[in-house]
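Colleague: My structure file query-v2.txt, compact mmCIF, C-alpha atoms, is below:
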```txt
# COMPACT_ATOMS: atom_id res chain seq x y z
CA MET A 1 20.54 -45.95 -3.56
CA TYR A 2 19.28 -48.17 -0.77
CA ALA A 3 17.65 -50.58 -3.20
CA GLN A 4 19.95 -51.82 -5.96
CA LEU A 5 19.22 -54.03 -8.95
CA VAL A 6 15.57 -54.64 -8.09
CA GLU A 7 14.11 -57.28 -10.43
CA THR A 8 10.83 -56.41 -12.13
CA GLY A 9 10.42 -59.79 -13.82
CA VAL A 10 9.32 -57.87 -16.93
CA LYS A 11 11.09 -58.49 -20.25
CA ARG A 12 9.49 -55.77 -22.33
CA ILE A 13 7.30 -52.82 -21.46
CA LYS A 14 3.79 -52.97 -22.86
CA ASP A 15 2.32 -49.90 -24.48
CA LEU A 16 -1.20 -48.76 -23.59
CA SER A 17 -2.81 -50.51 -26.61
CA GLU A 18 -1.53 -53.94 -25.49
CA MET A 19 -2.91 -53.62 -21.96
CA SER A 20 -6.13 -54.97 -20.52
CA GLU A 21 -8.68 -52.36 -19.52
CA GLN A 22 -7.65 -52.65 -15.86
CA GLU A 23 -3.96 -52.36 -16.65
CA ARG A 24 -4.56 -49.35 -18.88
CA ALA A 25 -6.59 -47.56 -16.20
CA PHE A 26 -3.76 -48.27 -13.75
CA GLN A 27 -1.03 -46.98 -16.09
CA GLU A 28 -3.07 -43.88 -16.97
CA LYS A 29 -3.41 -43.08 -13.30
CA ILE A 30 0.35 -43.35 -12.89
CA ASP A 31 0.95 -41.26 -16.01
CA SER A 32 -1.20 -38.49 -14.56
CA GLU A 33 0.64 -38.64 -11.19
CA ILE A 34 -2.27 -40.10 -9.21
CA LYS A 35 -0.93 -42.18 -6.31
CA ILE A 36 -1.75 -45.87 -6.14
CA GLU A 37 -3.13 -46.86 -2.73
CA ALA A 38 -3.10 -50.25 -1.00
CA LYS A 39 -6.64 -51.26 -1.93
CA ASN A 40 -6.42 -50.18 -5.58
CA TRP A 41 -6.02 -52.78 -8.30
CA MET A 42 -2.40 -53.15 -9.45
CA PRO A 43 -0.57 -55.57 -11.77
CA ASP A 44 1.02 -58.42 -9.88
CA ALA A 45 4.49 -57.56 -11.21
CA TYR A 46 4.12 -54.01 -9.84
CA ARG A 47 3.17 -55.40 -6.42
CA GLN A 48 6.00 -57.94 -6.36
CA THR A 49 8.60 -55.44 -7.55
CA LEU A 50 7.52 -52.95 -4.91
CA ILE A 51 7.69 -55.62 -2.20
CA ARG A 52 11.25 -56.42 -3.32
CA GLN A 53 12.25 -52.77 -3.52
CA ILE A 54 10.67 -51.62 -0.24
CA SER A 55 11.88 -54.65 1.71
CA GLN A 56 15.41 -54.18 0.36
CA HIS A 57 15.19 -50.53 1.33
CA ALA A 58 13.96 -51.46 4.84
CA HIS A 59 16.66 -54.11 5.29
CA SER A 60 19.26 -51.49 4.34
CA GLU A 61 18.04 -49.19 7.10
CA ILE A 62 18.17 -52.02 9.63
CA VAL A 63 21.57 -53.39 8.60
CA GLY A 64 22.72 -49.77 8.31
CA MET A 65 22.55 -49.50 12.09
CA LEU A 66 25.39 -52.01 12.50
CA PRO A 67 28.41 -50.09 11.15
CA GLU A 68 27.43 -47.21 13.45
CA GLY A 69 26.58 -49.43 16.40
CA ASN A 70 30.27 -50.34 16.33
CA TRP A 71 31.11 -46.80 17.55
CA VAL A 72 28.51 -46.19 20.28
CA THR A 73 30.84 -47.40 23.03
CA ARG A 74 33.84 -45.68 21.42
CA ALA A 75 32.38 -42.24 20.70
CA PRO A 76 34.83 -39.52 21.80
CA SER A 77 32.38 -37.66 24.04
CA LEU A 78 28.97 -38.05 25.68
CA LYS A 79 27.51 -35.52 23.24
CA ARG A 80 28.74 -37.51 20.23
CA LYS A 81 27.47 -40.72 21.79
CA LEU A 82 23.96 -39.29 22.29
CA GLN A 83 23.89 -37.94 18.73
CA LEU A 84 25.01 -41.29 17.35
CA MET A 85 22.38 -43.17 19.34
CA ALA A 86 19.67 -40.76 18.13
CA LYS A 87 20.79 -41.34 14.54
CA ILE A 88 20.81 -45.12 14.96
CA GLN A 89 17.33 -45.00 16.49
CA ASP A 90 16.18 -43.03 13.45
CA GLU A 91 17.55 -45.75 11.16
CA ALA A 92 15.52 -48.33 13.08
CA GLY A 93 12.50 -46.05 12.69
CA HIS A 94 13.09 -45.73 8.95
CA GLY A 95 13.26 -49.50 8.66
CA LEU A 96 9.94 -49.77 10.48
CA TYR A 97 8.16 -47.09 8.38
CA LEU A 98 9.26 -49.03 5.32
CA TYR A 99 8.25 -52.46 6.64
CA SER A 100 4.82 -50.94 7.38
CA ALA A 101 4.56 -49.62 3.81
CA MET A 102 5.59 -53.05 2.52
CA GLU A 103 2.92 -54.78 4.64
CA THR A 104 0.19 -52.72 2.97
CA LEU A 105 1.03 -54.71 -0.19
CA GLY A 106 0.16 -57.95 1.57
CA ALA A 107 3.74 -59.02 2.36
CA ASP A 108 4.49 -60.54 5.75
CA ARG A 109 7.18 -58.77 7.77
CA ASP A 110 8.52 -61.93 9.42
CA GLU A 111 8.78 -63.74 6.09
CA GLU A 112 10.66 -60.87 4.48
CA ILE A 113 13.05 -60.63 7.43
CA ALA A 114 13.63 -64.38 7.23
CA LYS A 115 14.67 -63.84 3.59
CA LEU A 116 17.25 -61.30 4.74
CA HIS A 117 18.61 -63.75 7.28
CA SER A 118 18.82 -66.62 4.81
CA GLY A 119 20.73 -64.41 2.37
CA LYS A 120 17.91 -64.46 -0.20
CA ALA A 121 17.03 -60.77 0.18
CA LYS A 122 19.58 -58.04 -0.44
CA TYR A 123 20.41 -54.78 1.27
CA SER A 124 22.56 -51.89 0.11
CA SER A 125 26.14 -52.88 -0.75
CA ILE A 126 27.50 -49.94 1.28
CA PHE A 127 26.82 -51.57 4.64
CA ASN A 128 29.21 -54.39 3.93
CA TYR A 129 32.19 -52.11 4.46
CA PRO A 130 33.76 -51.82 7.91
CA THR A 131 33.89 -48.59 9.97
CA LEU A 132 37.50 -48.48 11.09
CA ASN A 133 37.99 -45.13 12.79
CA TRP A 134 35.90 -42.36 14.37
CA ALA A 135 36.04 -40.28 11.19
CA ASP A 136 34.07 -43.09 9.51
CA MET A 137 31.06 -41.99 11.58
CA GLY A 138 31.41 -38.57 10.03
CA ALA A 139 31.99 -39.91 6.53
CA VAL A 140 29.05 -42.34 6.79
CA GLY A 141 26.69 -39.54 7.84
CA TRP A 142 27.97 -37.13 5.22
CA LEU A 143 28.54 -39.43 2.22
CA VAL A 144 26.33 -42.46 2.78
CA ASP A 145 23.34 -40.58 4.17
CA GLY A 146 24.06 -37.87 1.61
CA ALA A 147 23.81 -40.37 -1.24
CA ALA A 148 20.69 -41.84 0.34
CA ILE A 149 19.08 -38.39 0.50
CA VAL A 150 19.72 -37.74 -3.21
CA ASN A 151 17.93 -40.99 -3.95
CA GLN A 152 15.16 -40.63 -1.40
CA VAL A 153 14.21 -37.05 -2.22
CA VAL A 154 13.16 -38.26 -5.68
CA LEU A 155 11.37 -41.26 -4.22
CA GLN A 156 9.02 -38.94 -2.32
CA ARG A 157 7.25 -38.69 -5.70
CA THR A 158 7.09 -42.47 -6.18
CA SER A 159 3.74 -43.75 -7.45
CA TYR A 160 2.85 -45.95 -4.47
CA GLY A 161 1.19 -43.81 -1.76
CA PRO A 162 2.40 -45.59 1.41
CA TYR A 163 5.99 -45.76 0.07
CA SER A 164 5.92 -42.10 -0.91
CA ARG A 165 4.62 -41.03 2.52
CA ALA A 166 7.30 -43.09 4.28
CA MET A 167 9.90 -41.32 2.12
CA VAL A 168 8.58 -37.91 3.13
CA ARG A 169 9.03 -38.74 6.82
CA ILE A 170 12.45 -40.28 6.22
CA CYS A 171 13.76 -37.31 4.23
CA LYS A 172 12.80 -34.92 7.02
CA GLU A 173 14.97 -36.90 9.44
CA GLU A 174 17.90 -37.64 7.12
CA SER A 175 19.12 -34.07 6.92
CA PHE A 176 20.01 -34.24 10.64
CA HIS A 177 22.08 -37.34 9.85
CA GLN A 178 24.03 -35.73 7.08
CA ARG A 179 24.69 -32.51 8.98
CA GLN A 180 25.88 -34.32 12.11
CA GLY A 181 28.25 -36.41 9.94
CA TYR A 182 29.69 -33.40 8.19
CA GLU A 183 30.09 -31.57 11.49
CA ILE A 184 32.12 -34.48 12.90
CA LEU A 185 34.53 -34.19 9.95
CA LEU A 186 34.65 -30.40 10.08
CA THR A 187 35.52 -30.48 13.78
CA MET A 188 38.30 -32.98 13.16
CA MET A 189 39.70 -30.96 10.25
CA ARG A 190 39.53 -27.57 11.99
CA HIS A 191 40.43 -28.49 15.56
CA GLY A 192 42.10 -31.87 15.26
CA ASN A 193 45.77 -32.83 15.29
CA GLN A 194 47.51 -34.26 12.24
CA ALA A 195 46.61 -37.85 13.14
CA GLN A 196 42.92 -36.90 13.37
CA LYS A 197 43.04 -35.05 10.06
CA ASP A 198 44.63 -38.10 8.47
CA MET A 199 41.76 -40.21 9.79
CA VAL A 200 39.28 -37.99 7.92
CA GLN A 201 41.14 -38.36 4.63
CA ASP A 202 41.49 -42.10 5.21
CA ALA A 203 37.73 -42.47 5.84
CA ILE A 204 36.94 -40.50 2.67
CA ASN A 205 39.41 -42.56 0.63
CA ARG A 206 37.75 -45.81 1.71
CA LEU A 207 34.11 -44.71 1.51
CA TRP A 208 34.14 -42.52 -1.61
CA TRP A 209 33.85 -45.23 -4.26
CA PRO A 210 31.44 -47.46 -2.32
CA SER A 211 29.21 -44.38 -1.86
CA LEU A 212 29.12 -43.82 -5.63
CA MET A 213 28.22 -47.49 -6.10
CA MET A 214 25.15 -46.99 -3.91
CA PHE A 215 23.31 -45.56 -6.92
CA GLY A 216 23.65 -48.87 -8.75
CA PRO A 217 25.15 -49.73 -12.15
CA SER A 218 25.16 -47.41 -15.14
CA ASP A 219 21.90 -46.97 -16.97
CA GLU A 220 22.90 -49.29 -19.84
CA HIS A 221 23.52 -52.07 -17.28
CA SER A 222 20.26 -51.61 -15.41
CA PRO A 223 17.86 -53.94 -17.20
CA ASN A 224 14.99 -53.23 -14.82
CA SER A 225 15.16 -49.44 -14.93
CA ALA A 226 12.82 -48.87 -17.87
CA GLN A 227 9.87 -50.74 -16.33
CA SER A 228 10.49 -49.22 -12.89
CA MET A 229 10.54 -45.77 -14.48
CA ALA A 230 7.30 -46.46 -16.39
CA TRP A 231 5.69 -47.47 -13.09
CA LYS A 232 7.27 -44.43 -11.45
CA ILE A 233 8.66 -46.46 -8.59
CA LYS A 234 11.95 -45.09 -9.81
CA ARG A 235 11.95 -41.48 -10.93
CA GLN A 236 15.46 -40.75 -12.16
CA SER A 237 18.22 -42.85 -13.60
CA ASN A 238 21.17 -44.16 -11.57
CA ASP A 239 23.65 -42.06 -13.57
CA GLU A 240 21.67 -38.83 -13.16
CA LEU A 241 21.42 -39.30 -9.40
CA ARG A 242 25.10 -40.22 -9.09
CA GLN A 243 26.11 -37.11 -11.03
CA ARG A 244 23.91 -34.92 -8.83
CA PHE A 245 25.50 -36.40 -5.70
CA ILE A 246 29.04 -35.80 -6.99
CA ASP A 247 28.25 -32.24 -8.08
CA GLN A 248 26.84 -31.27 -4.71
CA THR A 249 29.47 -33.13 -2.65
CA ILE A 250 32.74 -31.89 -4.18
CA PRO A 251 32.40 -28.28 -2.94
CA GLN A 252 31.74 -29.68 0.56
CA LEU A 253 34.83 -31.87 0.23
CA GLU A 254 36.91 -28.81 -0.72
CA LEU A 255 35.55 -26.86 2.22
CA LEU A 256 36.77 -29.65 4.49
CA GLY A 257 40.21 -29.28 2.96
CA CYS A 258 40.28 -32.90 1.85
CA THR A 259 40.88 -34.53 -1.52
CA CYS A 260 38.93 -37.03 -3.60
CA PRO A 261 40.56 -40.44 -4.21
CA ASP A 262 39.76 -40.10 -7.93
CA PRO A 263 42.61 -38.72 -10.11
CA ASP A 264 40.15 -38.23 -12.99
CA LEU A 265 37.77 -35.99 -11.08
CA LYS A 266 37.63 -32.62 -12.83
CA TRP A 267 35.10 -29.82 -13.32
CA ASN A 268 33.80 -29.83 -16.88
CA ALA A 269 32.64 -26.30 -17.64
CA GLU A 270 31.09 -27.35 -20.92
CA ARG A 271 28.83 -29.97 -19.32
CA GLY A 272 28.35 -27.95 -16.14
CA HIS A 273 29.18 -31.12 -14.17
CA TYR A 274 32.17 -32.89 -12.67
CA ASP A 275 33.75 -35.60 -14.80
CA PHE A 276 34.83 -38.61 -12.78
CA GLY A 277 36.81 -41.81 -13.17
CA GLU A 278 35.56 -45.29 -13.88
CA ILE A 279 33.84 -47.17 -11.07
CA GLN A 280 35.09 -50.70 -10.34
CA TRP A 281 31.82 -52.53 -10.89
CA SER A 282 33.37 -55.94 -10.37
CA GLU A 283 33.79 -54.96 -6.70
CA PHE A 284 30.11 -53.93 -6.50
CA TYR A 285 28.90 -57.25 -7.91
CA GLU A 286 31.19 -59.20 -5.59
CA VAL A 287 29.85 -57.33 -2.55
CA LEU A 288 26.28 -57.89 -3.72
CA LYS A 289 27.02 -61.61 -4.15
CA GLY A 290 28.02 -61.75 -0.50
CA ASN A 291 31.78 -61.42 -0.83
CA GLY A 292 32.24 -57.94 0.68
CA PRO A 293 34.41 -57.43 3.76
CA CYS A 294 31.51 -57.62 6.24
CA ASN A 295 28.60 -59.48 4.56
CA GLN A 296 28.77 -62.55 6.78
CA GLU A 297 29.23 -60.58 9.97
CA ARG A 298 26.27 -58.28 9.21
CA VAL A 299 23.80 -61.09 8.55
CA ALA A 300 25.12 -63.12 11.50
CA THR A 301 24.62 -60.11 13.81
CA ARG A 302 21.03 -59.63 12.61
CA ARG A 303 20.27 -63.32 13.04
CA LYS A 304 21.71 -63.36 16.55
CA ALA A 305 19.68 -60.28 17.49
CA ILE A 306 16.43 -61.96 16.40
CA GLU A 307 17.30 -65.26 18.09
CA ASP A 308 18.48 -63.68 21.33
CA GLY A 309 15.35 -61.56 21.47
CA ALA A 310 12.95 -64.50 21.06
CA TRP A 311 12.34 -64.86 24.81
CA VAL A 312 11.44 -61.15 25.09
CA ARG A 313 8.82 -61.47 22.37
CA GLU A 314 7.41 -64.63 23.94
CA ALA A 315 7.29 -62.98 27.36
CA ALA A 316 5.47 -59.97 25.91
CA VAL A 317 2.81 -62.22 24.40
CA ALA A 318 2.45 -64.20 27.65
CA HIS A 319 2.14 -60.96 29.63
CA ALA A 320 -0.48 -59.59 27.21
CA ARG A 321 -2.51 -62.82 27.53
CA LYS A 322 -2.33 -62.76 31.31
CA LYS A 323 -3.45 -59.14 31.44
CA HIS A 324 -6.26 -59.83 28.98
CA LYS A 325 -7.52 -62.72 31.16
CA LYS A 326 -7.35 -60.59 34.30
CA ASN A 327 -9.35 -57.81 32.62
CA ALA A 328 -11.94 -60.28 31.37
CA ALA A 329 -12.39 -61.81 34.85
CA MET B 1 6.40 -61.76 16.06
CA SER B 2 3.52 -63.05 13.96
CA GLU B 3 1.57 -63.47 17.20
CA TRP B 4 1.68 -59.72 17.64
CA THR B 5 -1.14 -57.53 16.43
CA LEU B 6 -0.88 -54.86 13.74
CA PHE B 7 -2.13 -51.48 15.01
CA GLU B 8 -2.82 -48.32 13.01
CA VAL B 9 -1.45 -45.19 14.66
CA PHE B 10 -3.11 -41.76 14.78
CA VAL B 11 -1.36 -38.66 16.10
CA ARG B 12 -2.82 -35.35 17.23
CA SER B 13 -0.03 -32.97 16.31
CA LYS B 14 -1.31 -29.93 18.26
CA HIS B 15 -4.12 -29.11 20.64
CA GLY B 16 -7.20 -28.23 18.63
CA LEU B 17 -6.34 -30.40 15.61
CA ASN B 18 -7.73 -33.79 14.60
CA HIS B 19 -5.85 -37.03 15.08
CA LYS B 20 -4.30 -38.02 11.76
CA HIS B 21 -3.23 -41.44 10.52
CA VAL B 22 0.58 -41.72 10.41
CA GLY B 23 1.32 -45.44 9.93
CA SER B 24 1.30 -48.68 11.85
CA VAL B 25 3.16 -50.65 14.52
CA HIS B 26 3.29 -54.26 15.71
CA ALA B 27 2.71 -54.89 19.42
CA ALA B 28 1.70 -57.63 21.85
CA ASP B 29 -1.02 -55.46 23.40
CA THR B 30 -2.41 -51.92 23.41
CA THR B 31 -0.01 -50.64 26.10
CA MET B 32 2.96 -51.76 24.05
CA ALA B 33 1.33 -50.37 20.90
CA ILE B 34 1.21 -46.90 22.50
CA GLU B 35 4.83 -47.23 23.63
CA ASN B 36 6.00 -48.37 20.22
CA ALA B 37 3.99 -45.66 18.48
CA ARG B 38 5.56 -43.07 20.76
CA GLU B 39 9.07 -44.28 19.88
CA LEU B 40 8.35 -44.56 16.19
CA TYR B 41 6.18 -41.58 15.33
CA THR B 42 6.81 -38.87 17.94
CA ARG B 43 10.59 -38.72 18.46
CA ARG B 44 10.67 -35.02 17.59
CA SER B 45 7.62 -33.60 19.39
CA GLU B 46 5.29 -34.47 16.51
CA GLY B 47 2.34 -34.97 18.80
CA VAL B 48 0.41 -34.32 21.97
CA SER B 49 -1.87 -37.38 21.81
CA LEU B 50 -1.83 -40.88 20.30
CA TRP B 51 -4.51 -43.36 19.28
CA VAL B 52 -3.80 -46.97 18.38
CA VAL B 53 -6.45 -49.17 16.75
CA PRO B 54 -6.04 -52.84 15.76
CA SER B 55 -5.90 -52.70 11.96
CA ALA B 56 -8.32 -55.62 11.69
CA LEU B 57 -11.06 -53.55 13.37
CA ILE B 58 -11.07 -50.85 10.69
CA THR B 59 -13.77 -51.05 8.04
CA ALA B 60 -12.78 -49.21 4.87
CA SER B 61 -14.76 -48.30 1.79
CA SER B 62 -13.72 -50.26 -1.26
CA PRO B 63 -12.14 -48.54 -4.27
CA ASP B 64 -14.81 -50.25 -6.46
CA GLU B 65 -17.49 -48.28 -4.64
CA LYS B 66 -15.80 -44.98 -5.37
CA ALA B 67 -18.34 -43.99 -8.01
CA PRO B 68 -21.58 -44.87 -6.15
CA LEU B 69 -20.26 -43.40 -2.92
CA PHE B 70 -18.71 -40.16 -4.06
CA ASP B 71 -20.04 -39.24 -7.52
CA PRO B 72 -23.45 -38.06 -6.21
CA SER B 73 -21.77 -35.11 -4.49
CA ASP B 74 -20.30 -33.84 -7.77
CA ASP B 75 -23.61 -32.70 -9.29
CA LYS B 76 -24.83 -30.67 -6.33
CA VAL B 77 -23.09 -27.42 -7.02
CA TYR B 78 -25.78 -25.58 -5.02
CA ARG B 79 -24.16 -26.98 -1.86
CA HIS B 80 -21.25 -24.61 -2.32
CA ALA B 81 -21.33 -20.98 -1.24
CA SER B 82 -19.84 -19.88 -4.57
CA PHE B 83 -23.02 -21.07 -6.38
CA TYR B 84 -24.98 -18.08 -5.07
CA GLU B 85 -24.25 -14.86 -6.93
CA LEU B 86 -24.93 -11.75 -4.90
CA PRO B 87 -24.59 -8.10 -5.94
CA ALA B 88 -21.36 -6.41 -4.99
CA GLU B 89 -23.17 -4.01 -2.61
CA VAL B 90 -23.78 -6.91 -0.22
CA GLY B 91 -20.07 -6.96 0.49
CA HIS B 92 -18.39 -9.92 2.15
CA MET B 93 -20.84 -12.65 3.21
```
Could I get this file's structure written as structure tokens?
Modeller:
Amino acid sequence: MYAQLVETGVKRIKDLSEMSEQERAFQEKIDSEIKIEAKNWMPDAYRQTLIRQISQHAHSEIVGMLPEGNWVTRAPSLKRKLQLMAKIQDEAGHGLYLYSAMETLGADRDEEIAKLHSGKAKYSSIFNYPTLNWADMGAVGWLVDGAAIVNQVVLQRTSYGPYSRAMVRICKEESFHQRQGYEILLTMMRHGNQAQKDMVQDAINRLWWPSLMMFGPSDEHSPNSAQSMAWKIKRQSNDELRQRFIDQTIPQLELLGCTCPDPDLKWNAERGHYDFGEIQWSEFYEVLKGNGPCNQERVATRRKAIEDGAWVREAAVAHARKKHKKNAA
Amino acid sequence: MSEWTLFEVFVRSKHGLNHKHVGSVHAADTTMAIENARELYTRRSEGVSLWVVPSALITASSPDEKAPLFDPSDDKVYRHASFYELPAEVGHM
């Protein structure tokens, strides 16, 4: 999930009889799957939670460009380099669709970005892991984008119209990302030498658990889930989505001829799902707190990009003013 | 960036179709707004024409006016072709 542990600020969910007339009309609309649009009345907590969730989602797309940016100059061929750049540009696009959706709620883009840079706003834990070899580009596309798709496909039905429409666009583009990632790994496994095959297994070993953590903590440790589900800004539980991701990914892993770094992973015929080992949640919380391998570097890179680009933005404004004056004269 | 204007973007996906709202972009002026909209909304041949309009210039109906604006059309069933029952011999009309 690209947004993890989003606070709702709500202690207990109200039932319809406890709501004001406005609130009830709002909840009934949501219950009957009518989308909420920017100008409709909405409870303040719904608005604030959505701003937190969508901005976190947008920040994840933007920071998500960095682990891949690391490989643009090191891609093994021109074809791979072009594909990687197209994917990275898509991530920037996804960030911008989401910032636009967030702005319809009255949030200011610059203010929200400043929160990312000051460390106040979060982004997905997954992007705080380094990308150490070329196979990581394949594993990121296949596993990380794969996990994101599982989450985002459900979010297409989210109750807030602009968010839902952004998700529809994003999902259309994500499948290219996942396929190009898997194809990188498949090529390395089928045509590579032993060292290249080892790189694939190494990338999977490092990224497997962090990818499972993307869905967020177990349902019983997700205090905000119930309200988010009632508002339909979350449509399925973290555990359900994680299970779906594992079930659809393992056959692909087997086709690659690789193994899963989880000794407890086993098909459970009775449940019709894979059983899997315990996730190290202490690592997840540490990464979220800012203590992952790359947290500082990621935020520092974003900050530098904004600061170094200041003169370009100023020049653009000066140029626009000059042109405007010339046209007026 | 706060000095930049927010523009709404409309894309005509094919010749013969209407422009349709797709989202928004920030830009210093209209030229840049078209360039940004092109990069953001038409990376995969989604369009043949773009419009950008400063968001502040759009006047929208308010959700509170939904009833007075749109309810009056609900009780005029005679505006629909299906209201008029014709004998089968007339055939397709």
Colleague: So, counting only C-alpha atoms, which residue among A:Lys81, A:Arg52, A:Leu132, A:Leu253 is closest to Ile113 of chain A?
Modeller: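 For Ile113 of chain A, the nearest of the candidates is A:Arg52.
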Colleague: Please, which residues of chain B lie no more than 6 Å from chain A when the count uses all atoms listed in the file, and can they be set out as a list in words?
Modeller: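 Per the criterion, chain B yields Ala28, Asp29 and Leu40 of chain B.
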Colleague: Determine, counting all atoms listed in the file, which protein, DNA and RNA residues have an atom within 9 Å of an atom of segment 121-131 of chain A; residues of the same chain fewer than 2 positions away are not included. Present the result as a ChimeraX atom specification.
Modeller: /A:1-4,52,55-61,63-68,70-71,112-119,133-137,140,144,203,206-207,210-211,213-214,284-285,287-288,290-298
Colleague: Report, in Å with one decimal, the straight-line distance from atom CA of Leu16 of chain A to atom CA of Thr158 of chain A.
Modeller: 20.3 Å
Colleague: Which residue gives the smallest distance to Ile58 of chain B among B:Glu3, B:Glu85, B:Glu8, B:Glu35, with all atoms listed in the file counted?
Modeller: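 Once distances to Ile58 of chain B are computed over all atoms listed in the file, the minimum belongs to B:Glu8.
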Colleague: From the set B:Asp74, B:Thr59, B:Ala67, B:Ser13, which residue has the shortest atom-to-atom contact distance to Ser45 of chain B, counting all atoms listed in the file?
Modeller: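 Of the candidates, the smallest distance to Ser45 of chain B is held by B:Ser13.
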Colleague: Which residues are near Phe10 of chain B? Cut-off 10 Å, all atoms listed in the file, ignore same chain within fewer than 4 positions. Put them as a PyMOL selection string.
Modeller: chain B and resi 18-24+37+41+47+49-53
Colleague: Quick check, in Å to one decimal: how far apart do atom CA of Tyr163 of chain A and atom CA of Ser225 of chain A lie?
Modeller: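 Atom CA of Tyr163 of chain A sits 18.0 Å away from atom CA of Ser225 of chain A.
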Colleague: Identify the residues around (45.1, -34.9, 11.0) within a radius of 12 Å, measuring from only C-alpha atoms in the coordinates stated by the file, and give them as a VMD selection string.
Modeller: chain A and resid 135 185 to 203 256 to 258
Colleague: Within 8 Å of Arg235 of chain A, counting all atoms listed in the file, which residues qualify if same-chain residues fewer than 6 places away don't, as a list of chain:residue names?
Modeller: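 Counting all atoms listed in the file, the residues come to A:Val154, A:Leu155, A:Arg157, A:Thr158, A:Met229.
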Colleague: Would you mind exporting segment 62-74 of chain B with N, CA, C and O atoms, as a compact mmCIF listing (two decimals), in the first residue's frame?
Modeller:
```
# COMPACT_ATOMS: atom_id res chain seq x y z
N SER B 62 -23.70 25.11 -7.81
CA SER B 62 -23.42 24.66 -6.46
C SER B 62 -24.25 23.41 -6.15
O SER B 62 -25.39 23.30 -6.61
N PRO B 63 -23.68 22.48 -5.37
CA PRO B 63 -24.44 21.27 -5.04
C PRO B 63 -25.77 21.59 -4.34
O PRO B 63 -26.73 20.85 -4.47
N ASP B 64 -25.83 22.75 -3.62
CA ASP B 64 -27.08 23.13 -2.94
C ASP B 64 -28.20 23.44 -3.93
O ASP B 64 -29.37 23.41 -3.60
N GLU B 65 -27.80 23.82 -5.14
CA GLU B 65 -28.82 24.19 -6.13
C GLU B 65 -29.26 23.00 -6.95
O GLU B 65 -29.99 23.14 -7.91
N LYS B 66 -28.80 21.81 -6.56
CA LYS B 66 -29.07 20.62 -7.38
C LYS B 66 -30.57 20.47 -7.60
O LYS B 66 -31.01 20.26 -8.73
N ALA B 67 -31.35 20.60 -6.53
CA ALA B 67 -32.79 20.39 -6.66
C ALA B 67 -33.44 21.44 -7.58
O ALA B 67 -34.06 21.07 -8.59
N PRO B 68 -33.30 22.75 -7.27
CA PRO B 68 -33.95 23.73 -8.16
C PRO B 68 -33.46 23.67 -9.60
O PRO B 68 -34.23 23.94 -10.53
N LEU B 69 -32.20 23.30 -9.80
CA LEU B 69 -31.68 23.29 -11.17
C LEU B 69 -32.15 22.07 -11.96
O LEU B 69 -32.50 22.19 -13.13
N PHE B 70 -32.08 20.91 -11.31
CA PHE B 70 -32.25 19.69 -12.11
C PHE B 70 -33.55 18.94 -11.88
O PHE B 70 -33.98 18.19 -12.75
N ASP B 71 -34.22 19.15 -10.73
CA ASP B 71 -35.47 18.42 -10.49
C ASP B 71 -36.54 18.70 -11.55
O ASP B 71 -37.26 17.79 -11.94
N PRO B 72 -36.69 19.96 -12.02
CA PRO B 72 -37.78 20.24 -12.97
C PRO B 72 -37.74 19.35 -14.21
O PRO B 72 -38.78 19.17 -14.85
N SER B 73 -36.57 18.78 -14.54
CA SER B 73 -36.57 17.96 -15.76
C SER B 73 -37.10 16.55 -15.50
O SER B 73 -37.40 15.81 -16.43
N ASP B 74 -37.24 16.19 -14.20
CA ASP B 74 -37.68 14.83 -13.88
C ASP B 74 -39.16 14.59 -14.19
O ASP B 74 -39.57 13.47 -14.47
```
